[in-house]
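S.K.: Got a structure here, written out as structure tokens. Questions coming.
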Protein chains: 4
Amino acid sequence: MANSLNKVMLIGHLGDEVKMHYFEGGNCIGRFPVATNESYSNRQTGEKVTTTEWHNVVVRNKLAELCEKYLSKGDRVFIEGKIKTRQWEQEGVKRYSTEIHALDMTFLTTKKDLNNPVPSNTTEPIENKTTSAPPLSDAADDLPF
Amino acid sequence: MANSLNKVMLIGHLGDEVKMHYFEGGNCIGRFPVATNESYSNRQTGEKVTTTEWHNVVVRNKLAELCEKYLSKGDRVFIEGKIKTRQWEQEGVKRYSTEIHALDMTFLTTKKDLNNPVPSNTTEPIENKTTSAPPLSDAADDLPF
Amino acid sequence: MANSLNKVMLIGHLGDEVKMHYFEGGNCIGRFPVATNESYSNRQTGEKVTTTEWHNVVVRNKLAELCEKYLSKGDRVFIEGKIKTRQWEQEGVKRYSTEIHALDMTFLTTKKDLNNPVPSNTTEPIENKTTSAPPLSDAADDLPF
Amino acid sequence: MANSLNKVMLIGHLGDEVKMHYFEGGNCIGRFPVATNESYSNRQTGEKVTTTEWHNVVVRNKLAELCEKYLSKGDRVFIEGKIKTRQWEQEGVKRYSTEIHALDMTFLTTKKDLNNPVPSNTTEPIENKTTSAPPLSDAADDLPF
DNA sequence: TTTT
DNA sequence: TTTT
């Protein structure tokens, strides 16, 4: 039983495909961006403004594989998870990246299985081009989550 | 009615005092860090590890003033809010800072009002007189266990 | 991964002690009422009104034992769980009881361990007087929760 | 700022159409049942069991009108609200009905506007045939609210 | 930088 | 970079 609470709940759309990373021990991690929107009326002009917030979602192992299999860019999901901020140094400057580590999820639209069961090699064609690797990806094996 | 959800809920302790900023139009903003902890057992060594996550909490106007008045470093709070990531450029490099914009809050310990004003023996004087049982307790008796 | 969500989060105070029930297989269940309050201003009179909502909280096994050990009437808790409505017939009339099945919890005040480590036999003296038993108690062993 | 929390979040499907009630002052209320499901494996037999939980959702005024306009039986919604238990006496017996008072909502499928912009008189053609009625629907009719 |  |  925890003595603190770190809970995030999102409903939004994937801005890109799920990018998978496989580790030696058999673990894997998936990453994808999720957009949430907020609308409000500008006080002066009265015009409606929509702002978009982007969330870096991280999933692991079984959940990651389900996401890769069933989620595509544009799909809507409900995500329950927690906030984690990674930090690293780049050229002497501390940098931070905040991620949403998803623990539970509900697929709210799954184009893939509904429209057409596409051959898996055509859905994520350039999955391997992940040039800029996130700092912690190597260490992921001995992380708590 | 929104078509997306961006919800954060935290229970944690303030790592520092509330820092206020006042704007010309009469608006104000308060900022303070909140720590949440997570414990897990290391798979190899079996030893218990506690990690701390720090959240940059932002409050506005009335809520900010309440926080400044009643919250101190070390106090425990429940926070409901949303995630916002600000970005800016520093020396040509995009930098990000993720904040929790608090919309509702519950003070779970407020040292300020507990420690000084009232003598502690007058705060819960008749704690034992809870004569009136909660509505459902009677019904509960004749319920399935 | 669920395709639906049934989530409850409460912060409130216990209206009574935790009542334990032990089953043959070694399982146990604890029950206690939790009060949440809501204040609003009456539109006509402008006077502030506070209403109290009572929640029938149910905990199982390990969590139940922790609750019995550390929670007392008046203590404040954070509860995360789900809603379950049981139904049964009484004299030909369908009756319902809605419960909050707690899955996670944070103790926000624990008078017991802070003030005095009272001998457990003095805290819940009449724990065994659970006279009226019920529909679901037998089935409890093979229930989902 | 509240000193307690009474929060419910649901993702589920409507078990019936939205039933509206209009009051003299211009206020209105809408009611509809929402089902959430949970699956688990029976420990003995190992077979997968799905249980359904029915929630009595209550909406007011603007939100009620949006629900009536855009939601139909079978639609999926995300609901954020609070738990309220009403009590009344029937033939000398105290009876309880627990409702989810929705404060915010996200329509996750809206068959009405997506499939065909049906003329409003054809949208609830067989409203009275409620064969598989959710538990509380009968009781709800003759309740206070 | 908090807390247990 | 999503979606309405």
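Ordering of the structure tokens sets the chain letters (A, B, ...); residue numbers start at 1 within each chain; ligands are numbered from 1 in the order shown.
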Output the contact residues of chain B with respect to chain E at a cut-off of 12 Å, based on only C-alpha atoms (C1' of nucleotides), as a list of chain:residue names.

M.R.: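 So the residues of chain B near chain E are B:Ile11, B:Gly12, B:His13, B:Leu14, B:Gly15, B:Asp16, B:Glu17, B:Phe32, B:Pro33, B:Val34, B:Ala35, B:Thr36, B:Asn37, B:Glu38, B:Ser39, B:Thr50, B:Thr51, B:Thr52, B:Glu53, B:Trp54, B:His55, B:Asn56, B:Ser72, B:Lys73, B:Gly74, B:Asp75, B:Arg76, B:Val77, B:Thr109.
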
S.K.: Please check the contacts: residues of chain A at most 6 Å away from chain B, using only C-alpha atoms, listed as a VMD selection string.

M.R.: chain A and resid 4 to 12 36

S.K.: So how far away is CA of Trp88 (chain D) from CA of Val18 (chain C), in Å?

M.R.: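 If I compute the distance from CA of Val18 (chain C) to CA of Trp88 (chain D), I get 26.4 Å.
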
S.K.: Taking only C-alpha atoms into account, which of D:Met105, D:Leu66, D:Glu91, D:Asn61 comes nearest Gly25 (chain D)?

M.R.: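 Nearest to Gly25 (chain D): D:Asn61.
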
S.K.: One number please: CA of Asn27 (chain A) to CA of Ala102 (chain A), in Å, one decimal.

M.R.: 15.6 Å

S.K.: May I have all residues of region 15-131 of chain D that DSSP, computed from the backbone, assigns to strand (DSSP E), given as a ChimeraX atom specification?

M.R.: /D:19-22,28-41,48-60,76-90,93-107

S.K.: How many Å lie between CA of Lys69 (chain C) and CA of Thr106 (chain B), rounded to one decimal?

M.R.: 25.5 Å
